[in-house]
Amino acid sequence: MVVKYGFRQDRNKMIKKLFFMVVLALPSLAFCQTLAPRQPNHTLPQYSSLTAANSNAGAARTMLRMAAPSARGGYAPLWPPGGLRRDTVVPSLYMDGSAGTLVQIGQMADGSVQQTAIGAASGVAPLDGNKMMSFPVSGDSSSSPVSRITAPGDAVYPTTISRNVSDHFSDMTTLRDFGMRLAPLAGAHDITWLQANWASLTSATPVILPSGSHWPDNRYVPDSGAADKLHPSQLPIVTAFGSVTSRPGYNTPYGFGIPYYGDAVPSFTHDDANFTFARTDSHETSAGQFIPVAGVFAAYDTPYEGGATGGTNNQIALEVKSVTTERDKGTFGNFVTDFYSKGYNYYGEMDVDQWHHAVGHGTNWVWDNIQELYSAEPFYCDPKDKLLCFGEYMNEEDMYGVGPELPESAYDPTKHNRQMFWLTTNHNIHKGTFKSTDWAQNMLVPVHKTILIKNAADQKEYMFSGTPTGYTVNGSWTISGTVSGNTLTVTNVASGQKIVPASTLIWDQLMTDEVKITAQLSGDSGGNGTYTISAAHNPNGFTISKPRNFTASSDQSHARFSTTGSVEPRWTFSKGDTFVDGSTTWICQGGWDYDLGVVIAVGGSNDPTNGYIERIGTVMEEHNDYIYNAIIDMSKAQFDPSVPYKIFGRLQKDVYFDLTADGTSAGQNNHLLGYDGSQNALTYKVNGVPVLSVKDSGAIVSSAPAQMPVMTRAQIRAYPSPAKGMEIYDSDDDAPAIYTGAGWKLMTLSALPAN
């Protein structure tokens, strides 16, 4: 055997050195891992001298080779020629006692972190006490996992999952991630990008303007392609995180602009107000029709949020609360709308500033509008100190314009183009408007529900009201308990009442149905215990886990709901006609009509008995504006033919018309006309003194003698259509004349006696 380099190595020393090398290495590669490191340590500059010494350049080197290792590990006798091999096994290499090969040692050494690279430029970041990196990291870390997210402050997070950095950043992309620069002097680049991409963006694209964004040019509005799109989902939604410099706008002729990021493109920004919702539908787009710029939608489907007639609003869809303090000065508007109508479509378009649309289904009391003004801190208005008087106005309606009205409006109140208040009724609710007015088989009928049926004979609609058969108005009582499916658990029954299976019905807001108690399963007979129930329209029953007070009826006499049958009744249309339909009885109420009891009602809570006196100075007044027709014109009013009298106004006794008032205190009550209750007479008073009265008996009482009309003989003869008994004083003959069947006759007079 030729030996140029020979050695003997103590086995234990070699194992210790190999183990020391492994301890220094960061085991980033698991056992049997074969992936090569991105930057092998043996190629680093600090190890260049070692790699040079190990090169095969120069004299040939040989060494003793060991024989192939045994299957049990350890060393075999020398194995010439060749020495150690890469798959030589080193026993007890790892801390768990397992063996490893020399090639694995090399792989781990090559892939370990060098101590000198920790915290160094182009090196690796050290970990802090929480095992988090505290140094900047370079290179591609998009696939690095984020395994822990800590909830800051008072935030409460559910269990988080591990996601890589790329996924997290994808959730918050902005337009800069797509290629826009949104920076000063980058306008040309961004306009090119917008021209190439904007029309292809949709509502699924995160179109976000980050804080500090510069729009390329406030005159540049990108083409959204809206003319060829039919739905808003085909258009982007712009959101800004902060203000945007040079935002694009649609300039109106009224001194303000509207954020404009393309036709039919909605935006949520912060430039024109703290929070601005905007959209401009221009050119030939139709994608925005019937889509509001902003909407508030809410549904209240629970009885557990309270509520009572006249109570505090505890269910609110939109609330605006503001306050002015002692230091505030100016004119404050809590809710202000500015609407500008600039179209020339005449009758082809109606523009409405505020449109309230309330639809009542069911029996809840409904108000379309309630306005309240409270004088929570009263002040006295001193007539001698009017500059410091307060002012409170419940409502102000102002109307401005130029130009005359239709000439016919001077005598016909229905002919006009402008109306300050327009209070109308109509017959929009008719058969076909809502399905709720139609009859249907197996239909739930709340007590007194009205449906409309068309009479084929006269093609008119008739009203039919429904009640449970045998209904007798009041008399319901209370059962307390819970419901699970079709099982009712009763915990209390009203005193003196008893549940009768197959007869007792119950109802509640949480089970709007005809619900009958069918059998008792356990408990006191007719009292506390468990029962089965049957719901006509909910075969699976209900889930009411919280105890409730259910309204109950011993039979149909006080039930709240009933059900129609499977076959529509054969209707007749005389008022009062009755039809039994399932568990419902219908009564014909006559032909379609809609009665509105009062159009304008003025009232309050005046309570002088308890010392609360409320007064109104004038219910309605007019001043300054000229009236060219009449203060009130009922010349076109139509009256129900069935009423006995057509009444313009109704007054109580001792209420008078003031005929000569002039808006001053001295001008009041000088000439009054009204019914004097003490005299039972229609009375005309001058300065408080009755001068003429017509009593209920027909007698005429005057404070001055009656005076005949005075005419000449020619005027009397020319009087048109005289009636028998008519008297006129003939000034030519100095005598009264009376008209008889034979014509005008002078009365013969005698001298007045001396006494």
# chains A, B, ... in the order shown; residues from 1 in each chain; ligands from 1
call {"tool": "select_by_dssp", "arguments": {"residues": "range 310-465 of chain A", "states": "strand (DSSP E or B)", "output": "short mmCIF file (atom, residue, chain, number, x, y, z; two decimals) with N, CA and C atoms, in the first residue's frame"}}
result
data_model
loop_
_atom_site.label_atom_id
_atom_site.label_comp_id
_atom_site.auth_asym_id
_atom_site.auth_seq_id
_atom_site.Cartn_x
_atom_site.Cartn_y
_atom_site.Cartn_z
N LYS A 431 -107.57 46.72 -6.31
CA LYS A 431 -107.29 45.31 -6.60
C LYS A 431 -106.15 45.23 -7.62
N PHE A 434 -101.56 45.51 -4.46
CA PHE A 434 -100.83 44.64 -3.56
C PHE A 434 -101.57 43.30 -3.47
N LEU A 444 -103.90 33.44 5.74
CA LEU A 444 -104.01 33.93 7.11
C LEU A 444 -104.76 35.26 7.09
N VAL A 445 -105.77 35.38 7.96
CA VAL A 445 -106.61 36.58 7.97
C VAL A 445 -106.55 37.21 9.37
N PRO A 446 -105.78 38.29 9.56
CA PRO A 446 -105.84 39.02 10.82
C PRO A 446 -107.24 39.63 10.98
N LYS A 449 -109.28 42.25 8.63
CA LYS A 449 -108.59 42.45 7.36
C LYS A 449 -109.62 42.67 6.25
N THR A 450 -109.30 43.59 5.32
CA THR A 450 -110.19 43.90 4.21
C THR A 450 -109.56 43.47 2.89
N ILE A 451 -110.36 42.79 2.08
CA ILE A 451 -109.92 42.41 0.74
C ILE A 451 -110.85 43.07 -0.28
N LEU A 452 -110.42 43.09 -1.54
CA LEU A 452 -111.20 43.70 -2.61
C LEU A 452 -111.57 42.65 -3.63
N ILE A 453 -112.85 42.61 -3.99
CA ILE A 453 -113.37 41.66 -4.98
C ILE A 453 -114.05 42.47 -6.08
N LYS A 454 -113.74 42.16 -7.34
CA LYS A 454 -114.36 42.87 -8.45
C LYS A 454 -115.66 42.17 -8.84
N ASN A 455 -116.71 42.97 -8.97
CA ASN A 455 -118.01 42.48 -9.39
C ASN A 455 -118.03 42.41 -10.92
N LYS A 460 -116.91 46.94 -10.91
CA LYS A 460 -116.44 47.77 -9.80
C LYS A 460 -115.94 46.88 -8.67
N GLU A 461 -115.10 47.46 -7.81
CA GLU A 461 -114.52 46.72 -6.69
C GLU A 461 -115.35 46.92 -5.43
N TYR A 462 -115.44 45.84 -4.64
CA TYR A 462 -116.20 45.88 -3.39
C TYR A 462 -115.30 45.41 -2.25
N MET A 463 -115.59 45.93 -1.07
CA MET A 463 -114.78 45.66 0.12
C MET A 463 -115.44 44.57 0.96
N PHE A 464 -114.61 43.63 1.43
CA PHE A 464 -115.07 42.57 2.33
C PHE A 464 -114.11 42.50 3.52
N SER A 465 -114.64 42.61 4.74
CA SER A 465 -113.82 42.51 5.95
C SER A 465 -114.02 41.15 6.59
#
call {"tool": "closest_residue", "arguments": {"among": "A:Asn313, A:Ser583, A:Thr740, A:Ser246", "to": "Gln441 in chain A", "atoms": "only C-alpha atoms"}}
result
A:Ser583
call {"tool": "residues_around", "arguments": {"residues": "Ser635 in chain A", "least_positions_apart": "3", "cutoff": "9 Å", "atoms": "only C-alpha atoms", "output": "PyMOL selection string"}}
result
chain A and resi 411-413+638
call {"tool": "write_last_selection", "arguments": {"atoms": "C-alpha atoms", "output": "mmCIF file, in the first residue's frame"}}
result
data_model
loop_
_atom_site.group_PDB
_atom_site.id
_atom_site.type_symbol
_atom_site.label_atom_id
_atom_site.label_comp_id
_atom_site.auth_asym_id
_atom_site.auth_seq_id
_atom_site.Cartn_x
_atom_site.Cartn_y
_atom_site.Cartn_z
ATOM 1 C CA TYR A 411 -112.012 82.583 -10.508
ATOM 2 C CA ASP A 412 -111.314 78.840 -10.788
ATOM 3 C CA PRO A 413 -109.208 77.456 -7.889
ATOM 4 C CA GLN A 638 -118.016 68.347 -4.502
#
call {"tool": "residues_around", "arguments": {"residues": "Ile506 in chain A", "least_positions_apart": "4", "cutoff": "10 Å", "atoms": "only C-alpha atoms", "output": "ChimeraX atom specification"}}
result
/A:476-479,511-517,533,535,549-555,558-561
call {"tool": "residues_around", "arguments": {"residues": "Glu284 in chain A", "least_positions_apart": "4", "cutoff": "10 Å", "atoms": "only C-alpha atoms", "output": "ChimeraX atom specification"}}
result
/A:225-228,263
call {"tool": "residues_around", "arguments": {"residues": "Tyr471 in chain A", "least_positions_apart": "4", "cutoff": "7 Å", "atoms": "only C-alpha atoms", "output": "list of chain:residue names"}}
result
A:Thr467, A:Gln556, A:Ser557, A:His558
call {"tool": "write_last_selection", "arguments": {"atoms": "C-alpha atoms", "output": "PDB file, in the first residue's frame"}}
result
ATOM      1  CA  THR A 467    -113.149  38.083  11.280  1.00  0.00           C
ATOM      2  CA  GLN A 556    -112.820  31.732  17.984  1.00  0.00           C
ATOM      3  CA  SER A 557    -114.823  34.404  19.825  1.00  0.00           C
ATOM      4  CA  HIS A 558    -111.746  36.472  20.689  1.00  0.00           C
TER       5      HIS A 558
END
call {"tool": "residues_around", "arguments": {"residues": "Met420 in chain A", "least_positions_apart": "6", "cutoff": "9 Å", "atoms": "only C-alpha atoms", "output": "MDAnalysis selection string"}}
result
chainID A and resid 397:399
call {"tool": "closest_residue", "arguments": {"among": "A:Ser678, A:Ser203, A:Thr469, A:Asn251", "to": "Arg219 in chain A", "atoms": "only C-alpha atoms"}}
result
A:Asn251
call {"tool": "select_by_dssp", "arguments": {"residues": "range 268-505 of chain A", "states": "helix (DSSP H, G or I)", "output": "mmCIF file with C-alpha atoms, in the first residue's frame"}}
result
data_model
loop_
_atom_site.group_PDB
_atom_site.id
_atom_site.type_symbol
_atom_site.label_atom_id
_atom_site.label_comp_id
_atom_site.auth_asym_id
_atom_site.auth_seq_id
_atom_site.Cartn_x
_atom_site.Cartn_y
_atom_site.Cartn_z
ATOM 1 C CA TYR A 346 -91.559 69.855 -18.897
ATOM 2 C CA TYR A 347 -94.144 67.193 -18.031
ATOM 3 C CA GLY A 348 -91.647 64.486 -19.072
ATOM 4 C CA LYS A 386 -87.752 92.900 21.939
ATOM 5 C CA LEU A 387 -84.152 92.769 20.742
ATOM 6 C CA LEU A 388 -83.553 90.036 23.281
ATOM 7 C CA PRO A 407 -105.676 83.849 -15.853
ATOM 8 C CA GLU A 408 -108.371 81.308 -14.921
ATOM 9 C CA SER A 409 -106.929 81.050 -11.401
ATOM 10 C CA ALA A 410 -108.653 84.366 -10.601
ATOM 11 C CA LYS A 435 -101.421 40.901 -3.249
ATOM 12 C CA SER A 436 -102.558 41.579 0.300
ATOM 13 C CA THR A 437 -105.875 42.914 -1.076
#
call {"tool": "closest_residue", "arguments": {"among": "A:Thr532, A:Thr414, A:Thr748, A:Gln371", "to": "Asn629 in chain A", "atoms": "only C-alpha atoms"}}
result
A:Thr414
call {"tool": "atom_distance", "arguments": {"atom1": "CA of Met95 in chain A", "atom2": "CA of Gln114 in chain A"}}
result
21.1 Å
call {"tool": "atom_distance", "arguments": {"atom1": "CA of Ala601 in chain A", "atom2": "CA of Thr660 in chain A"}}
result
27.4 Å
call {"tool": "closest_residue", "arguments": {"among": "A:Asn755, A:Ser703, A:Thr252, A:Asn670", "to": "Tyr340 in chain A", "atoms": "only C-alpha atoms"}}
result
A:Thr252
